[in-house]
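Undergrad: Structure in structure tokens, see below.
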Amino acid sequence: MSKAVRRDRQVVTKDSHLPFEEFSLENVDRLVDQLEKTKPKDSIVEVTPMEDSQHSPCFQEMTAIIVHDIGKTQESPQIYELYQYCPVCKMAVKVL
Ligand SMILES: [Zn+2]
């Protein structure tokens, strides 16, 4: 029962993910495209390998997808969103 309720709520916020919620992602570009549309003004979407972070089920190096304005603004740079993606399992998780 509670599962059905949660699903209804997800439909409302279709394009956002809860922190630490894993979701399947066919291709990292799909998430990047989505973030490019929703990112705050003057921020950038950066995709970068995470050399010291492995996905625990498969031990593959994960990719970080970061929405930030570091280097774009003089005052208090900020990280808005952070995702980790495993290209082997095709799973992404929202960290921030
Ligand atoms: Zn994996």
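Lettering and numbering for the structure tokens are positional, with chains as A, B, ... in the shown order, residues counted from 1 in each chain, and ligands counted from 1 in the shown order.
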With only C-alpha atoms and all ligand atoms counted and 8 Å as the cut-off, give the residues of chain A in contact with ligand 1, each with its shortest interatomic distance in Å and the pair that gives it, as a tab-separated table.

TA:
```
residue	atom	partner	partner_atom_place_in_ligand_line	distance
A:Gln54	CA	ligand 1	1 (Zn)	7.8
A:His55	CA	ligand 1	1 (Zn)	4.8
A:Ser56	CA	ligand 1	1 (Zn)	6.8
A:Pro57	CA	ligand 1	1 (Zn)	5.6
A:Cys58	CA	ligand 1	1 (Zn)	4.5
A:Phe59	CA	ligand 1	1 (Zn)	6.5
A:Gln60	CA	ligand 1	1 (Zn)	5.8
A:Met62	CA	ligand 1	1 (Zn)	7.7
A:Cys86	CA	ligand 1	1 (Zn)	4.7
A:Pro87	CA	ligand 1	1 (Zn)	6.8
A:Val88	CA	ligand 1	1 (Zn)	5.1
A:Cys89	CA	ligand 1	1 (Zn)	4.2
A:Lys90	CA	ligand 1	1 (Zn)	7.0
A:Met91	CA	ligand 1	1 (Zn)	6.8
```

Undergrad: Pull C-alpha atoms from the residues just selected and write them as a PDB file, in the first residue's frame.

TA:
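The resulting part14.pdb:
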```pdb
ATOM      1  CA  GLN A  54      33.599   2.497  -6.943  1.00  0.00           C
ATOM      2  CA  HIS A  55      30.096   1.139  -7.198  1.00  0.00           C
ATOM      3  CA  SER A  56      29.934  -1.491  -4.482  1.00  0.00           C
ATOM      4  CA  PRO A  57      28.040  -4.246  -6.383  1.00  0.00           C
ATOM      5  CA  CYS A  58      30.407  -4.287  -9.377  1.00  0.00           C
ATOM      6  CA  PHE A  59      33.526  -2.352  -8.273  1.00  0.00           C
ATOM      7  CA  GLN A  60      33.504  -0.244 -11.401  1.00  0.00           C
ATOM      8  CA  MET A  62      31.705   5.667 -11.115  1.00  0.00           C
ATOM      9  CA  CYS A  86      27.654   3.414 -12.807  1.00  0.00           C
ATOM     10  CA  PRO A  87      27.955   2.744 -16.567  1.00  0.00           C
ATOM     11  CA  VAL A  88      28.080  -1.031 -16.004  1.00  0.00           C
ATOM     12  CA  CYS A  89      24.901  -1.383 -13.939  1.00  0.00           C
ATOM     13  CA  LYS A  90      23.297   1.617 -15.662  1.00  0.00           C
ATOM     14  CA  MET A  91      22.292   2.910 -12.274  1.00  0.00           C
TER      15      MET A  91
END
```

Undergrad: Taking only stretch 34-71 of chain A into account, list the residues labelled strand (DSSP E or B) by DSSP (computed from the backbone), as a CSV table (one decimal) with N, CA and C atoms, in the first residue's frame.

TA:
```
chain,number,residue,atom,x,y,z
A,44,ILE,N,26.9,25.2,-14.5
A,44,ILE,CA,27.2,24.3,-15.6
A,44,ILE,C,27.0,22.9,-15.1
A,45,VAL,N,26.8,22.0,-16.1
A,45,VAL,CA,26.7,20.6,-15.8
A,45,VAL,C,28.0,19.9,-16.2
A,46,GLU,N,28.7,19.3,-15.2
A,46,GLU,CA,30.0,18.7,-15.5
A,46,GLU,C,29.9,17.2,-15.3
A,47,VAL,N,30.5,16.4,-16.2
A,47,VAL,CA,30.6,15.0,-16.1
A,47,VAL,C,32.0,14.6,-15.9
A,48,THR,N,32.4,14.0,-14.8
A,48,THR,CA,33.8,13.7,-14.5
A,48,THR,C,33.9,12.3,-13.9
A,49,PRO,N,35.0,11.6,-14.2
A,49,PRO,CA,35.2,10.3,-13.6
A,49,PRO,C,35.6,10.4,-12.1
A,50,MET,N,35.1,9.5,-11.3
A,50,MET,CA,35.5,9.5,-9.9
A,50,MET,C,36.5,8.4,-9.6
A,51,GLU,N,37.7,8.8,-9.6
A,51,GLU,CA,38.8,7.8,-9.6
A,51,GLU,C,38.8,7.0,-8.2
A,52,ASP,N,38.3,7.6,-7.2
A,52,ASP,CA,38.4,6.9,-5.9
A,52,ASP,C,37.1,6.4,-5.4
A,53,SER,N,36.1,6.4,-6.3
A,53,SER,CA,34.8,5.9,-5.9
A,53,SER,C,34.3,4.8,-6.8
A,54,GLN,N,34.1,3.6,-6.2
A,54,GLN,CA,33.6,2.5,-6.9
A,54,GLN,C,32.2,2.1,-6.5
A,61,GLU,N,34.5,1.9,-11.6
A,61,GLU,CA,34.7,3.3,-11.3
A,61,GLU,C,33.4,4.1,-11.7
A,62,MET,N,32.9,4.9,-10.9
A,62,MET,CA,31.7,5.7,-11.1
A,62,MET,C,32.0,7.0,-11.7
A,63,THR,N,31.0,7.6,-12.4
A,63,THR,CA,31.0,8.9,-13.0
A,63,THR,C,30.2,9.8,-12.1
A,64,ALA,N,30.8,11.0,-11.9
A,64,ALA,CA,30.0,12.1,-11.2
A,64,ALA,C,29.4,13.0,-12.2
A,65,ILE,N,28.2,13.4,-12.0
A,65,ILE,CA,27.5,14.4,-12.7
A,65,ILE,C,27.2,15.6,-11.7
A,66,ILE,N,27.8,16.7,-12.0
A,66,ILE,CA,27.7,17.8,-11.0
A,66,ILE,C,27.2,19.0,-11.6
A,67,VAL,N,26.2,19.6,-11.0
A,67,VAL,CA,25.7,20.9,-11.4
A,67,VAL,C,26.3,22.0,-10.4
A,68,HIS,N,27.1,22.8,-10.9
A,68,HIS,CA,27.8,23.8,-10.1
A,68,HIS,C,28.0,25.1,-10.8
```

Undergrad: For stretch 21-38 of chain A, find every residue with an atom within 7 Å (counting only C-alpha atoms), except residues of its own chain fewer than 2 positions away, and show them as an MDAnalysis selection string.

TA: chainID A and resid 17:19 40 45 90:94

Undergrad: For those residues, write C-alpha atoms to a file as a compact mmCIF listing (two decimals), in the first residue's frame.

TA:
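So the final result, stored in again-v3.txt, reads:
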```txt
# COMPACT_ATOMS: atom_id res chain seq x y z
CA HIS A 17 14.95 12.40 -7.60
CA LEU A 18 15.19 11.97 -3.88
CA PRO A 19 18.64 12.01 -2.28
CA PRO A 40 20.12 27.33 -12.15
CA VAL A 45 26.72 20.58 -15.79
CA LYS A 90 23.30 1.62 -15.66
CA MET A 91 22.29 2.91 -12.27
CA ALA A 92 22.49 6.46 -11.04
CA VAL A 93 22.09 7.79 -7.53
CA LYS A 94 21.42 11.32 -6.43
```

Undergrad: Could you tell me, as JSON, numbers by chain, which residues of chain A DSSP assigns to helix (DSSP H, G or I) when given the backbone?

TA: {"A": [2, 3, 4, 5, 6, 7, 8, 9, 10, 11, 12, 28, 29, 30, 31, 32, 33, 34, 35, 36, 37, 38]}

Undergrad: Let me see the file: selected residues, C-alpha atoms, as a short mmCIF file (atom, residue, chain, number, x, y, z; two decimals), in the first residue's frame.

TA:
```
data_model
loop_
_atom_site.label_atom_id
_atom_site.label_comp_id
_atom_site.auth_asym_id
_atom_site.auth_seq_id
_atom_site.Cartn_x
_atom_site.Cartn_y
_atom_site.Cartn_z
CA SER A 2 2.68 2.50 1.00
CA LYS A 3 4.53 1.72 -2.20
CA ALA A 4 1.55 2.83 -4.29
CA VAL A 5 1.32 6.10 -2.38
CA ARG A 6 4.99 6.81 -2.98
CA ARG A 7 4.60 6.15 -6.69
CA ASP A 8 1.79 8.70 -6.92
CA ARG A 9 4.02 11.32 -5.37
CA GLN A 10 6.80 10.53 -7.83
CA VAL A 11 4.50 11.18 -10.75
CA VAL A 12 3.97 14.71 -9.48
CA VAL A 28 24.48 9.50 -18.85
CA ASP A 29 23.65 12.00 -21.61
CA ARG A 30 19.98 11.64 -20.81
CA LEU A 31 20.53 12.92 -17.27
CA VAL A 32 22.85 15.66 -18.53
CA ASP A 33 20.19 16.84 -21.00
CA GLN A 34 17.63 16.94 -18.21
CA LEU A 35 19.94 18.86 -15.88
CA GLU A 36 20.84 21.33 -18.63
CA LYS A 37 17.16 22.23 -18.82
CA THR A 38 16.61 22.57 -15.07
#
```

Undergrad: Can you measure atom CA of A:Val95 to atom CA of A:Ser43 for me? One decimal in Å is fine.

TA: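 Interatomic distance, atom CA of A:Val95 to atom CA of A:Ser43: 17.8 Å.
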
Undergrad: Figure out the distance between atom CA of A:Leu96 and atom CA of A:Leu82, please, to one decimal in Å.

TA: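 Straight-line distance from atom CA of A:Leu82 to atom CA of A:Leu96 works out to 4.8 Å.
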
Undergrad: Rounded to one decimal in Å, what is the spacing between atom CA of A:Asp42 and atom CA of A:Gln84?

TA: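 Here the two named atoms are 22.1 Å from each other.
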